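**Q** Coordinates in target.pdb, PDB, C-alpha atoms, are listed below.
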ATOM      1  CA  MET Q   1      16.096 -25.806  11.911
ATOM      2  CA  ILE Q   2      12.713 -25.411  10.270
ATOM      3  CA  MET Q   3      11.075 -26.571  13.505
ATOM      4  CA  GLU Q   4      13.108 -24.079  15.562
ATOM      5  CA  ASP Q   5      12.277 -21.275  13.172
ATOM      6  CA  THR Q   6       8.572 -22.075  13.451
ATOM      7  CA  VAL Q   7       8.767 -22.058  17.258
ATOM      8  CA  VAL Q   8      10.555 -18.686  17.277
ATOM      9  CA  ARG Q   9       8.029 -17.194  14.873
ATOM     10  CA  THR Q  10       5.155 -18.514  16.988
ATOM     11  CA  GLU Q  11       6.691 -16.927  20.078
ATOM     12  CA  ILE Q  12       7.113 -13.612  18.271
ATOM     13  CA  ALA Q  13       3.531 -13.763  17.031
ATOM     14  CA  GLN Q  14       2.296 -14.374  20.571
ATOM     15  CA  GLU Q  15       4.394 -11.498  21.936
ATOM     16  CA  ILE Q  16       3.120  -9.083  19.277
ATOM     17  CA  LEU Q  17      -0.494 -10.112  19.793
ATOM     18  CA  ALA Q  18      -0.121  -9.716  23.569
ATOM     19  CA  ASN Q  19       1.413  -6.230  23.133
ATOM     20  CA  GLU Q  20      -1.340  -5.160  20.750
ATOM     21  CA  THR Q  21      -4.083  -6.473  23.070
ATOM     22  CA  ALA Q  22      -2.551  -4.723  26.100
ATOM     23  CA  ALA Q  23      -2.391  -1.416  24.179
ATOM     24  CA  LEU Q  24      -6.004  -1.883  23.059
ATOM     25  CA  GLU Q  25      -7.156  -2.507  26.624
ATOM     26  CA  ARG Q  26      -5.642   0.824  27.669
ATOM     27  CA  TRP Q  27      -6.972   2.572  24.545
ATOM     28  CA  CYS Q  28     -10.504   1.383  25.290
ATOM     29  CA  LYS Q  29     -10.273   3.026  28.729
ATOM     30  CA  GLY Q  30      -9.253   6.378  27.224
ATOM     31  CA  ASP Q  31      -5.498   5.892  27.654
ATOM     32  CA  PRO Q  32      -3.561   6.286  24.374
ATOM     33  CA  ASP Q  33      -0.125   5.883  25.987
ATOM     34  CA  GLY Q  34      -0.117   2.115  25.476
ATOM     35  CA  PHE Q  35       0.006   2.639  21.728
ATOM     36  CA  LEU Q  36       2.386   5.602  21.950
ATOM     37  CA  GLU Q  37       4.802   3.474  24.019
ATOM     38  CA  ILE Q  38       4.939   0.690  21.420
ATOM     39  CA  SER Q  39       5.064   2.937  18.342
ATOM     40  CA  ALA Q  40       8.367   3.679  16.586
ATOM     41  CA  ASP Q  41       9.689   7.210  16.078
ATOM     42  CA  ASP Q  42       8.941   7.054  12.355
ATOM     43  CA  VAL Q  43       5.544   5.332  12.683
ATOM     44  CA  ASP Q  44       3.038   6.232  10.028
ATOM     45  CA  TYR Q  45      -0.681   5.909  10.490
ATOM     46  CA  PHE Q  46      -4.067   5.882   8.746
ATOM     47  CA  ASP Q  47      -7.520   6.157  10.282
ATOM     48  CA  PRO Q  48     -10.815   7.279   8.672
ATOM     49  CA  TYR Q  49     -10.638  10.791  10.164
ATOM     50  CA  GLN Q  50      -7.325  12.067   8.801
ATOM     51  CA  ALA Q  51      -7.027  13.952   5.496
ATOM     52  CA  ALA Q  52      -3.601  12.419   4.895
ATOM     53  CA  ARG Q  53      -1.210   9.870   6.348
ATOM     54  CA  ILE Q  54       0.250  10.747   9.735
ATOM     55  CA  LYS Q  55       4.007  10.484   9.365
ATOM     56  CA  SER Q  56       5.719  10.505  12.753
ATOM     57  CA  HIS Q  57       5.395   9.645  16.413
ATOM     58  CA  ALA Q  58       5.174  13.381  17.203
ATOM     59  CA  GLU Q  59       2.172  13.783  14.886
ATOM     60  CA  LEU Q  60       0.552  10.653  16.322
ATOM     61  CA  ARG Q  61       1.095  11.923  19.862
ATOM     62  CA  GLN Q  62      -0.595  15.210  18.964
ATOM     63  CA  LEU Q  63      -3.619  13.323  17.597
ATOM     64  CA  TYR Q  64      -3.817  10.936  20.552
ATOM     65  CA  ASP Q  65      -3.336  13.680  23.144
ATOM     66  CA  GLY Q  66      -6.552  15.210  21.798
ATOM     67  CA  LEU Q  67      -8.383  11.918  22.373
ATOM     68  CA  ARG Q  68      -7.062  11.285  25.883
ATOM     69  CA  GLY Q  69      -9.925  10.331  28.225
ATOM     70  CA  MET Q  70     -12.488  10.423  25.417
ATOM     71  CA  VAL Q  71     -12.624   6.778  24.306
ATOM     72  CA  LYS Q  72     -14.874   4.554  26.406
ATOM     73  CA  VAL Q  73     -15.264   1.071  25.010
ATOM     74  CA  GLU Q  74     -17.125  -1.484  27.132
ATOM     75  CA  SER Q  75     -15.819  -4.587  25.393
ATOM     76  CA  PHE Q  76     -13.881  -5.510  22.295
ATOM     77  CA  GLU Q  77     -12.942  -8.507  20.259
ATOM     78  CA  LEU Q  78     -10.107  -9.285  17.841
ATOM     79  CA  ILE Q  79     -11.511 -11.548  15.149
ATOM     80  CA  SER Q  80      -9.141 -14.099  13.590
ATOM     81  CA  PRO Q  81      -5.903 -12.182  14.249
ATOM     82  CA  ASN Q  82      -3.014 -13.282  12.076
ATOM     83  CA  VAL Q  83       0.687 -12.475  12.502
ATOM     84  CA  ARG Q  84       3.217 -13.097   9.768
ATOM     85  CA  VAL Q  85       6.835 -12.772  10.831
ATOM     86  CA  CYS Q  86       9.689 -12.317   8.358
ATOM     87  CA  GLY Q  87      13.046 -11.527   9.957
ATOM     88  CA  ASP Q  88      12.772  -8.283  11.901
ATOM     89  CA  MET Q  89       9.413  -7.269  10.450
ATOM     90  CA  ALA Q  90       5.961  -8.657  11.195
ATOM     91  CA  VAL Q  91       2.464  -7.867  10.031
ATOM     92  CA  LEU Q  92      -0.573  -8.328  12.271
ATOM     93  CA  THR Q  93      -4.042  -8.165  10.718
ATOM     94  CA  PHE Q  94      -7.464  -8.628  12.277
ATOM     95  CA  ASN Q  95     -11.067  -7.553  12.235
ATOM     96  CA  PHE Q  96     -11.973  -5.642  15.380
ATOM     97  CA  VAL Q  97     -15.350  -5.155  17.065
ATOM     98  CA  SER Q  98     -15.840  -2.623  19.847
ATOM     99  CA  ARG Q  99     -19.012  -2.101  21.865
ATOM    100  CA  ASP Q 100     -19.829   0.944  23.982
ATOM    101  CA  GLU Q 101     -21.948   1.080  27.144
ATOM    102  CA  GLY Q 102     -25.135   1.596  25.116
ATOM    103  CA  GLY Q 103     -24.374  -1.602  23.221
ATOM    104  CA  SER Q 104     -23.708   0.088  19.908
ATOM    105  CA  GLU Q 105     -21.020  -1.563  17.864
ATOM    106  CA  ASN Q 106     -18.191  -0.418  15.612
ATOM    107  CA  ARG Q 107     -16.457  -2.821  13.238
ATOM    108  CA  TRP Q 108     -12.937  -2.217  11.981
ATOM    109  CA  ASN Q 109     -10.318  -3.565   9.582
ATOM    110  CA  THR Q 110      -6.901  -3.356  11.193
ATOM    111  CA  THR Q 111      -3.321  -3.647   9.967
ATOM    112  CA  GLU Q 112      -0.370  -3.245  12.326
ATOM    113  CA  VAL Q 113       3.154  -3.573  10.946
ATOM    114  CA  TYR Q 114       5.797  -4.180  13.590
ATOM    115  CA  GLN Q 115       9.576  -3.951  13.359
ATOM    116  CA  ARG Q 116      12.152  -5.234  15.835
ATOM    117  CA  PHE Q 117      14.439  -2.656  17.405
ATOM    118  CA  GLY Q 118      16.898  -4.436  19.712
ATOM    119  CA  ALA Q 119      14.762  -6.552  22.029
ATOM    120  CA  ASP Q 120      11.529  -4.705  21.361
ATOM    121  CA  TRP Q 121       8.899  -4.879  18.658
ATOM    122  CA  ARG Q 122       7.496  -1.485  17.697
ATOM    123  CA  ILE Q 123       4.646  -0.428  15.414
ATOM    124  CA  ILE Q 124       6.020   1.231  12.278
ATOM    125  CA  HIS Q 125       2.698   1.387  10.432
ATOM    126  CA  SER Q 126      -0.898   1.350  11.568
ATOM    127  CA  HIS Q 127      -4.020   1.316   9.385
ATOM    128  CA  TRP Q 128      -7.513   1.425  10.919
ATOM    129  CA  SER Q 129     -10.613   1.586   8.743
ATOM    130  CA  TYR Q 130     -14.306   0.792   9.036
ATOM    131  CA  THR Q 131     -15.613  -2.580   7.940
ATOM    132  CA  GLN Q 132     -18.343  -1.962   5.334
ATOM    133  CA  PRO Q 133     -19.026   1.666   6.326
ATOM    134  CA  LYS Q 134     -22.466   2.987   5.420
ATOM    135  CA  LEU Q 135     -21.665   5.912   3.165
ATOM    136  CA  ALA Q 136     -23.711   9.107   2.965
ATOM    137  CA  ASP Q 137     -23.463   9.575  -0.802
ATOM    138  CA  SER Q 138     -22.363   7.814  -3.943
ATOM    139  CA  GLN Q 139     -18.746   7.699  -2.793
ATOM    140  CA  GLY Q 140     -17.269   4.436  -4.009
TER     141      GLY Q 140
ATOM    142  CA  MET S   1      28.322  -1.107   4.355
ATOM    143  CA  ILE S   2      25.682   1.309   5.527
ATOM    144  CA  MET S   3      25.949   3.107   2.188
ATOM    145  CA  GLU S   4      25.539  -0.174   0.267
ATOM    146  CA  ASP S   5      22.588  -1.143   2.399
ATOM    147  CA  THR S   6      20.935   2.189   1.724
ATOM    148  CA  VAL S   7      21.485   1.809  -2.027
ATOM    149  CA  VAL S   8      20.018  -1.702  -2.022
ATOM    150  CA  ARG S   9      17.001  -0.566  -0.036
ATOM    151  CA  THR S  10      16.471   2.369  -2.387
ATOM    152  CA  GLU S  11      16.583   0.004  -5.373
ATOM    153  CA  ILE S  12      14.073  -2.327  -3.711
ATOM    154  CA  ALA S  13      11.804   0.605  -2.886
ATOM    155  CA  GLN S  14      11.918   1.758  -6.510
ATOM    156  CA  GLU S  15      11.181  -1.758  -7.782
ATOM    157  CA  ILE S  16       8.198  -2.160  -5.434
ATOM    158  CA  LEU S  17       6.790   1.248  -6.311
ATOM    159  CA  ALA S  18       7.173   0.502 -10.035
ATOM    160  CA  ASN S  19       5.390  -2.864  -9.608
ATOM    161  CA  GLU S  20       2.561  -1.282  -7.649
ATOM    162  CA  THR S  21       2.135   1.526 -10.199
ATOM    163  CA  ALA S  22       2.098  -0.938 -13.113
ATOM    164  CA  ALA S  23      -0.580  -3.043 -11.370
ATOM    165  CA  LEU S  24      -2.610   0.106 -10.660
ATOM    166  CA  GLU S  25      -2.419   1.190 -14.299
ATOM    167  CA  ARG S  26      -3.921  -2.156 -15.339
ATOM    168  CA  TRP S  27      -6.465  -2.049 -12.493
ATOM    169  CA  CYS S  28      -7.670   1.383 -13.600
ATOM    170  CA  LYS S  29      -8.406  -0.026 -17.078
ATOM    171  CA  GLY S  30     -10.520  -2.851 -15.646
ATOM    172  CA  ASP S  31      -7.739  -5.471 -15.600
ATOM    173  CA  PRO S  32      -7.219  -7.027 -12.141
ATOM    174  CA  ASP S  33      -4.577  -9.524 -13.321
ATOM    175  CA  GLY S  34      -1.733  -7.122 -12.593
ATOM    176  CA  PHE S  35      -2.499  -7.335  -8.885
ATOM    177  CA  LEU S  36      -3.266 -11.051  -9.005
ATOM    178  CA  GLU S  37       0.120 -11.697 -10.643
ATOM    179  CA  ILE S  38       2.055  -9.885  -7.901
ATOM    180  CA  SER S  39       0.035 -11.238  -4.946
ATOM    181  CA  ALA S  40       1.328 -14.150  -2.852
ATOM    182  CA  ASP S  41      -0.643 -17.382  -2.397
ATOM    183  CA  ASP S  42      -1.420 -16.496   1.218
ATOM    184  CA  VAL S  43      -2.185 -12.796   0.588
ATOM    185  CA  ASP S  44      -4.759 -11.284   2.871
ATOM    186  CA  TYR S  45      -6.775  -8.248   1.987
ATOM    187  CA  PHE S  46      -9.087  -5.516   3.308
ATOM    188  CA  ASP S  47     -11.274  -3.115   1.376
ATOM    189  CA  PRO S  48     -14.383  -1.186   2.518
ATOM    190  CA  TYR S  49     -16.807  -3.636   0.879
ATOM    191  CA  GLN S  50     -15.873  -6.928   2.534
ATOM    192  CA  ALA S  51     -17.528  -8.173   5.743
ATOM    193  CA  ALA S  52     -14.269  -9.809   6.850
ATOM    194  CA  ARG S  53     -10.641 -10.123   5.804
ATOM    195  CA  ILE S  54     -10.006 -11.992   2.576
ATOM    196  CA  LYS S  55      -7.502 -14.709   3.405
ATOM    197  CA  SER S  56      -6.050 -16.217   0.251
ATOM    198  CA  HIS S  57      -5.158 -15.627  -3.371
ATOM    199  CA  ALA S  58      -8.090 -17.870  -4.396
ATOM    200  CA  GLU S  59     -10.542 -15.680  -2.472
ATOM    201  CA  LEU S  60      -8.969 -12.525  -3.916
ATOM    202  CA  ARG S  61      -9.197 -13.952  -7.428
ATOM    203  CA  GLN S  62     -12.891 -14.699  -6.929
ATOM    204  CA  LEU S  63     -13.487 -11.089  -5.817
ATOM    205  CA  TYR S  64     -11.428  -9.578  -8.640
ATOM    206  CA  ASP S  65     -12.944 -11.838 -11.315
ATOM    207  CA  GLY S  66     -16.288 -10.249 -10.437
ATOM    208  CA  LEU S  67     -14.830  -6.782 -11.043
ATOM    209  CA  ARG S  68     -13.103  -7.594 -14.329
ATOM    210  CA  GLY S  69     -13.887  -4.912 -16.933
ATOM    211  CA  MET S  70     -15.881  -2.826 -14.469
ATOM    212  CA  VAL S  71     -13.287  -0.355 -13.175
ATOM    213  CA  LYS S  72     -12.732   2.685 -15.394
ATOM    214  CA  VAL S  73     -10.456   5.278 -13.864
ATOM    215  CA  GLU S  74      -9.404   8.204 -16.048
ATOM    216  CA  SER S  75      -6.398   9.267 -13.973
ATOM    217  CA  PHE S  76      -4.841   8.526 -10.635
ATOM    218  CA  GLU S  77      -2.180   9.819  -8.325
ATOM    219  CA  LEU S  78      -0.089   8.259  -5.563
ATOM    220  CA  ILE S  79       0.465  10.925  -2.936
ATOM    221  CA  SER S  80       3.724  10.795  -0.966
ATOM    222  CA  PRO S  81       4.351   7.053  -1.341
ATOM    223  CA  ASN S  82       6.752   5.650   1.225
ATOM    224  CA  VAL S  83       8.489   2.253   1.187
ATOM    225  CA  ARG S  84      10.224   0.851   4.229
ATOM    226  CA  VAL S  85      12.367  -2.212   3.591
ATOM    227  CA  CYS S  86      13.511  -4.558   6.351
ATOM    228  CA  GLY S  87      15.193  -7.733   5.125
ATOM    229  CA  ASP S  88      12.748  -9.693   2.980
ATOM    230  CA  MET S  89       9.695  -7.669   3.956
ATOM    231  CA  ALA S  90       8.693  -4.163   2.892
ATOM    232  CA  VAL S  91       5.750  -1.906   3.583
ATOM    233  CA  LEU S  92       4.491   0.603   1.033
ATOM    234  CA  THR S  93       2.001   3.257   2.154
ATOM    235  CA  PHE S  94       0.399   6.105   0.231
ATOM    236  CA  ASN S  95      -2.685   8.211  -0.208
ATOM    237  CA  PHE S  96      -4.367   7.527  -3.541
ATOM    238  CA  VAL S  97      -6.650   9.721  -5.638
ATOM    239  CA  SER S  98      -8.587   8.344  -8.598
ATOM    240  CA  ARG S  99     -10.734  10.355 -11.013
ATOM    241  CA  ASP S 100     -13.336   8.932 -13.364
ATOM    242  CA  GLU S 101     -14.395  10.296 -16.762
ATOM    243  CA  GLY S 102     -17.027  12.530 -15.167
ATOM    244  CA  GLY S 103     -14.311  14.089 -13.011
ATOM    245  CA  SER S 104     -15.587  12.677  -9.729
ATOM    246  CA  GLU S 105     -12.870  11.779  -7.298
ATOM    247  CA  ASN S 106     -12.241   9.008  -4.795
ATOM    248  CA  ARG S 107      -9.592   9.320  -2.110
ATOM    249  CA  TRP S 108      -8.000   6.288  -0.464
ATOM    250  CA  ASN S 109      -5.610   5.268   2.273
ATOM    251  CA  THR S 110      -3.445   2.401   1.081
ATOM    252  CA  THR S 111      -1.114  -0.103   2.727
ATOM    253  CA  GLU S 112       0.699  -2.779   0.722
ATOM    254  CA  VAL S 113       2.989  -5.213   2.522
ATOM    255  CA  TYR S 114       5.425  -7.012   0.247
ATOM    256  CA  GLN S 115       7.584 -10.064   0.915
ATOM    257  CA  ARG S 116      10.481 -11.369  -1.170
ATOM    258  CA  PHE S 117      10.098 -14.881  -2.589
ATOM    259  CA  GLY S 118      13.279 -15.774  -4.479
ATOM    260  CA  ALA S 119      13.856 -12.915  -6.925
ATOM    261  CA  ASP S 120      10.331 -11.549  -6.751
ATOM    262  CA  TRP S 121       8.496  -9.248  -4.378
ATOM    263  CA  ARG S 122       4.885 -10.274  -3.780
ATOM    264  CA  ILE S 123       2.018  -8.600  -1.907
ATOM    265  CA  ILE S 124       1.238 -10.538   1.268
ATOM    266  CA  HIS S 125      -1.173  -7.983   2.694
ATOM    267  CA  SER S 126      -3.275  -5.245   1.142
ATOM    268  CA  HIS S 127      -5.450  -2.689   2.938
ATOM    269  CA  TRP S 128      -7.540  -0.154   1.006
ATOM    270  CA  SER S 129      -9.875   2.259   2.803
ATOM    271  CA  TYR S 130     -11.530   5.604   2.109
ATOM    272  CA  THR S 131      -9.871   8.810   3.238
ATOM    273  CA  GLN S 132     -12.365  10.663   5.448
ATOM    274  CA  PRO S 133     -15.482   8.841   4.195
ATOM    275  CA  LYS S 134     -18.755  10.692   4.595
ATOM    276  CA  LEU S 135     -20.790   8.349   6.754
ATOM    277  CA  ALA S 136     -24.548   7.906   6.516
ATOM    278  CA  ASP S 137     -25.221   7.668  10.252
ATOM    279  CA  SER S 138     -23.528   8.145  13.596
ATOM    280  CA  GLN S 139     -21.053   5.356  12.890
ATOM    281  CA  GLY S 140     -17.743   6.390  14.360
TER     282      GLY S 140
END
What does the file become when written as structure tokens?
**A**
Amino acid sequence: MIMEDTVVRTEIAQEILANETAALERWCKGDPDGFLEISADDVDYFDPYQAARIKSHAELRQLYDGLRGMVKVESFELISPNVRVCGDMAVLTFNFVSRDEGGSENRWNTTEVYQRFGADWRIIHSHWSYTQPKLADSQG
Amino acid sequence: MIMEDTVVRTEIAQEILANETAALERWCKGDPDGFLEISADDVDYFDPYQAARIKSHAELRQLYDGLRGMVKVESFELISPNVRVCGDMAVLTFNFVSRDEGGSENRWNTTEVYQRFGADWRIIHSHWSYTQPKLADSQG
């Protein structure tokens, strides 16, 4: 039973990581629909640009529609991704590095919380932030 | 049954929010043990100062031991906290504002993922980042 449970959780972890990577590949080509398709109706969301938490799929769509075609990432890397599965919820964390055509690099801390709805795993919470951002003032 | 489930989830949400607030009250007086006591052995953790994800309670303890007695927050506020419970996992998200004695303010985006171990809810993942940080260069 413990063995079976471990196998199932490993399969779920692989599925979630594959879904996340596929959405990122589309995102990096300027296509936000990959993430919109795997986000739940009541998804909430943090990134460094928002004044407050985004609280629904409709709000996220509005944000992402404004970014459509604007993101151009040459290559990216998920560093030491980790998925922890507990029943119908799972949390994926990783450090993320993206490089643009000019070779400049952005480094991110990423949390993606997934929940199972029927056969599908959907993002219910997303948190993107910079890794060690260089701040302009004494903030922090 | 649905009613009961909703009541139970509301009680869990209240318990988690109370635990988080109690740990924050200690944190803001320079005492990190509140968070260490409610963090799981395999907790992982992001904040803006770390080069990579912290991956265990031992690593988190090392970080927090270095901050012991150094944090002095005069007042704080959790803005629109939200807890979503799914079985033995729960995700708490909020915006956080802290003010020091001089009145200067820091604004944060916060994600806390909790898991139930026996009777207790423990943090298995923590992600703290600045809300709209002012960056020094073209990062982002």
**Q** Where does the PyMOL selection byres ((chain S) within 6 of (chain Q)) land in this file, that is, which residues does it pick, as a list in words?
**A**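 Output of the PyMOL selection byres ((chain S) within 6 of (chain Q)): Pro48, Tyr49, Thr131, Gln132, Lys134, Leu135 and Ala136 of chain S.
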**Q** Any chance you could lay chain S over chain Q, fitting all C-alpha atoms in order by least squares, and write the moved chain as a tab-separated table (two decimals) with C-alpha atoms, in the coordinates of the input?
**A**
chain	number	residue	atom	x	y	z
S	1	MET	CA	16.05	-25.82	11.90
S	2	ILE	CA	12.68	-25.38	10.29
S	3	MET	CA	11.06	-26.54	13.53
S	4	GLU	CA	13.11	-24.04	15.57
S	5	ASP	CA	12.26	-21.27	13.16
S	6	THR	CA	8.58	-22.06	13.45
S	7	VAL	CA	8.77	-22.04	17.25
S	8	VAL	CA	10.56	-18.68	17.27
S	9	ARG	CA	8.04	-17.19	14.88
S	10	THR	CA	5.16	-18.51	16.98
S	11	GLU	CA	6.70	-16.92	20.09
S	12	ILE	CA	7.13	-13.60	18.28
S	13	ALA	CA	3.54	-13.76	17.02
S	14	GLN	CA	2.30	-14.37	20.57
S	15	GLU	CA	4.40	-11.51	21.94
S	16	ILE	CA	3.12	-9.08	19.28
S	17	LEU	CA	-0.49	-10.11	19.79
S	18	ALA	CA	-0.12	-9.72	23.57
S	19	ASN	CA	1.41	-6.24	23.12
S	20	GLU	CA	-1.34	-5.17	20.76
S	21	THR	CA	-4.08	-6.48	23.08
S	22	ALA	CA	-2.55	-4.72	26.10
S	23	ALA	CA	-2.39	-1.42	24.17
S	24	LEU	CA	-6.01	-1.89	23.05
S	25	GLU	CA	-7.15	-2.52	26.62
S	26	ARG	CA	-5.64	0.82	27.66
S	27	TRP	CA	-6.97	2.55	24.53
S	28	CYS	CA	-10.50	1.37	25.30
S	29	LYS	CA	-10.29	3.03	28.74
S	30	GLY	CA	-9.26	6.37	27.23
S	31	ASP	CA	-5.50	5.88	27.66
S	32	PRO	CA	-3.56	6.27	24.38
S	33	ASP	CA	-0.12	5.88	26.00
S	34	GLY	CA	-0.11	2.13	25.48
S	35	PHE	CA	0.01	2.64	21.73
S	36	LEU	CA	2.39	5.60	21.96
S	37	GLU	CA	4.81	3.49	24.02
S	38	ILE	CA	4.94	0.69	21.43
S	39	SER	CA	5.08	2.94	18.34
S	40	ALA	CA	8.38	3.67	16.58
S	41	ASP	CA	9.69	7.22	16.08
S	42	ASP	CA	8.95	7.05	12.35
S	43	VAL	CA	5.54	5.33	12.68
S	44	ASP	CA	3.04	6.23	10.03
S	45	TYR	CA	-0.67	5.91	10.49
S	46	PHE	CA	-4.06	5.89	8.76
S	47	ASP	CA	-7.51	6.16	10.28
S	48	PRO	CA	-10.81	7.27	8.67
S	49	TYR	CA	-10.63	10.79	10.14
S	50	GLN	CA	-7.31	12.06	8.80
S	51	ALA	CA	-7.00	13.95	5.49
S	52	ALA	CA	-3.57	12.41	4.87
S	53	ARG	CA	-1.19	9.87	6.36
S	54	ILE	CA	0.27	10.74	9.74
S	55	LYS	CA	4.03	10.49	9.37
S	56	SER	CA	5.73	10.50	12.75
S	57	HIS	CA	5.40	9.64	16.41
S	58	ALA	CA	5.17	13.38	17.21
S	59	GLU	CA	2.18	13.78	14.89
S	60	LEU	CA	0.56	10.65	16.33
S	61	ARG	CA	1.10	11.92	19.86
S	62	GLN	CA	-0.57	15.22	18.97
S	63	LEU	CA	-3.60	13.33	17.59
S	64	TYR	CA	-3.81	10.94	20.55
S	65	ASP	CA	-3.33	13.69	23.15
S	66	GLY	CA	-6.55	15.21	21.80
S	67	LEU	CA	-8.38	11.92	22.37
S	68	ARG	CA	-7.06	11.29	25.88
S	69	GLY	CA	-9.93	10.34	28.22
S	70	MET	CA	-12.49	10.42	25.42
S	71	VAL	CA	-12.63	6.78	24.31
S	72	LYS	CA	-14.89	4.55	26.40
S	73	VAL	CA	-15.28	1.06	25.01
S	74	GLU	CA	-17.14	-1.48	27.13
S	75	SER	CA	-15.83	-4.59	25.37
S	76	PHE	CA	-13.89	-5.51	22.29
S	77	GLU	CA	-12.95	-8.51	20.24
S	78	LEU	CA	-10.11	-9.29	17.84
S	79	ILE	CA	-11.51	-11.55	15.15
S	80	SER	CA	-9.14	-14.09	13.59
S	81	PRO	CA	-5.91	-12.19	14.25
S	82	ASN	CA	-3.02	-13.29	12.07
S	83	VAL	CA	0.68	-12.48	12.50
S	84	ARG	CA	3.21	-13.10	9.77
S	85	VAL	CA	6.84	-12.77	10.83
S	86	CYS	CA	9.69	-12.32	8.36
S	87	GLY	CA	13.04	-11.54	9.95
S	88	ASP	CA	12.77	-8.29	11.90
S	89	MET	CA	9.42	-7.27	10.46
S	90	ALA	CA	5.96	-8.66	11.20
S	91	VAL	CA	2.46	-7.86	10.04
S	92	LEU	CA	-0.56	-8.34	12.27
S	93	THR	CA	-4.03	-8.16	10.72
S	94	PHE	CA	-7.46	-8.62	12.27
S	95	ASN	CA	-11.06	-7.56	12.23
S	96	PHE	CA	-11.98	-5.64	15.37
S	97	VAL	CA	-15.35	-5.15	17.05
S	98	SER	CA	-15.85	-2.62	19.84
S	99	ARG	CA	-19.03	-2.10	21.86
S	100	ASP	CA	-19.84	0.94	23.97
S	101	GLU	CA	-21.96	1.08	27.13
S	102	GLY	CA	-25.14	1.61	25.11
S	103	GLY	CA	-24.39	-1.60	23.21
S	104	SER	CA	-23.71	0.10	19.88
S	105	GLU	CA	-21.03	-1.56	17.85
S	106	ASN	CA	-18.20	-0.43	15.60
S	107	ARG	CA	-16.46	-2.82	13.23
S	108	TRP	CA	-12.94	-2.22	11.96
S	109	ASN	CA	-10.33	-3.57	9.59
S	110	THR	CA	-6.91	-3.36	11.18
S	111	THR	CA	-3.32	-3.66	9.97
S	112	GLU	CA	-0.36	-3.25	12.32
S	113	VAL	CA	3.16	-3.57	10.95
S	114	TYR	CA	5.80	-4.19	13.59
S	115	GLN	CA	9.59	-3.95	13.36
S	116	ARG	CA	12.16	-5.24	15.84
S	117	PHE	CA	14.46	-2.64	17.40
S	118	GLY	CA	16.91	-4.42	19.70
S	119	ALA	CA	14.78	-6.54	22.03
S	120	ASP	CA	11.54	-4.70	21.37
S	121	TRP	CA	8.90	-4.88	18.67
S	122	ARG	CA	7.50	-1.48	17.70
S	123	ILE	CA	4.64	-0.43	15.41
S	124	ILE	CA	6.02	1.22	12.28
S	125	HIS	CA	2.72	1.38	10.44
S	126	SER	CA	-0.90	1.35	11.58
S	127	HIS	CA	-4.01	1.31	9.39
S	128	TRP	CA	-7.51	1.42	10.92
S	129	SER	CA	-10.61	1.59	8.72
S	130	TYR	CA	-14.31	0.79	9.03
S	131	THR	CA	-15.61	-2.59	7.92
S	132	GLN	CA	-18.34	-1.96	5.33
S	133	PRO	CA	-19.03	1.67	6.31
S	134	LYS	CA	-22.46	3.00	5.42
S	135	LEU	CA	-21.67	5.93	3.17
S	136	ALA	CA	-23.70	9.12	2.99
S	137	ASP	CA	-23.50	9.58	-0.78
S	138	SER	CA	-22.41	7.79	-3.92
S	139	GLN	CA	-18.80	7.69	-2.77
S	140	GLY	CA	-17.35	4.40	-3.90
**Q** Exactly which residues make up the result of the PyMOL selection byres ((chain Q and resi 35) around 10) on this file, given as an NGL selection string?
**A** :Q and (19-20 or 22-24 or 26-27 or 31-34 or 36-40 or 60-61 or 64 or 122-123)
**Q** Could you work out how far CA of Arg99 in chain S lies from CA of Val73 in chain S, giving the answer in Å with one decimal?
**A**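 Computed distance, CA of Val73 in chain S to CA of Arg99 in chain S, equals 5.8 Å.
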**Q** To one decimal place in Å, what is the distance between CA of Glu59 in chain Q and CA of Glu112 in chain Q?
**A** 17.4 Å
**Q** Would you compute the distance between CA of Cys28 in chain S and CA of Val71 in chain S? Give it in Å to one decimal.
**A**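 Between these atoms lies a distance of 5.9 Å.
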**Q** Using all atoms listed in the file, pick whichever of S:Leu63, S:Gln14, S:Ser56, S:Glu74 has the shortest atom-to-atom distance to Gly102 in chain S.
**A**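 Counting all atoms listed in the file, the residue closest to Gly102 in chain S is S:Glu74.
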**Q** As a check of understanding, name the residues that the PyMOL selection byres ((chain Q and resi 76) around 7) selects in the supplied structure, as a list in words.
**A** Ser75, Glu77, Leu78, Val97, Ser98 and Arg99 of chain Q
**Q** Restrict the selected residues to C-alpha atoms and save them as a short mmCIF file (atom, residue, chain, number, x, y, z; two decimals), in the frame of the given file.
**A**
data_model
loop_
_atom_site.label_atom_id
_atom_site.label_comp_id
_atom_site.auth_asym_id
_atom_site.auth_seq_id
_atom_site.Cartn_x
_atom_site.Cartn_y
_atom_site.Cartn_z
CA SER Q 75 -15.82 -4.59 25.39
CA GLU Q 77 -12.94 -8.51 20.26
CA LEU Q 78 -10.11 -9.28 17.84
CA VAL Q 97 -15.35 -5.16 17.07
CA SER Q 98 -15.84 -2.62 19.85
CA ARG Q 99 -19.01 -2.10 21.86
#
**Q** Out of S:Val7, S:Gly30, S:Val83, S:Thr21, which residue has the shortest atom-to-atom distance to Gly69 in chain S when counting all atoms listed in the file?
**A** S:Gly30
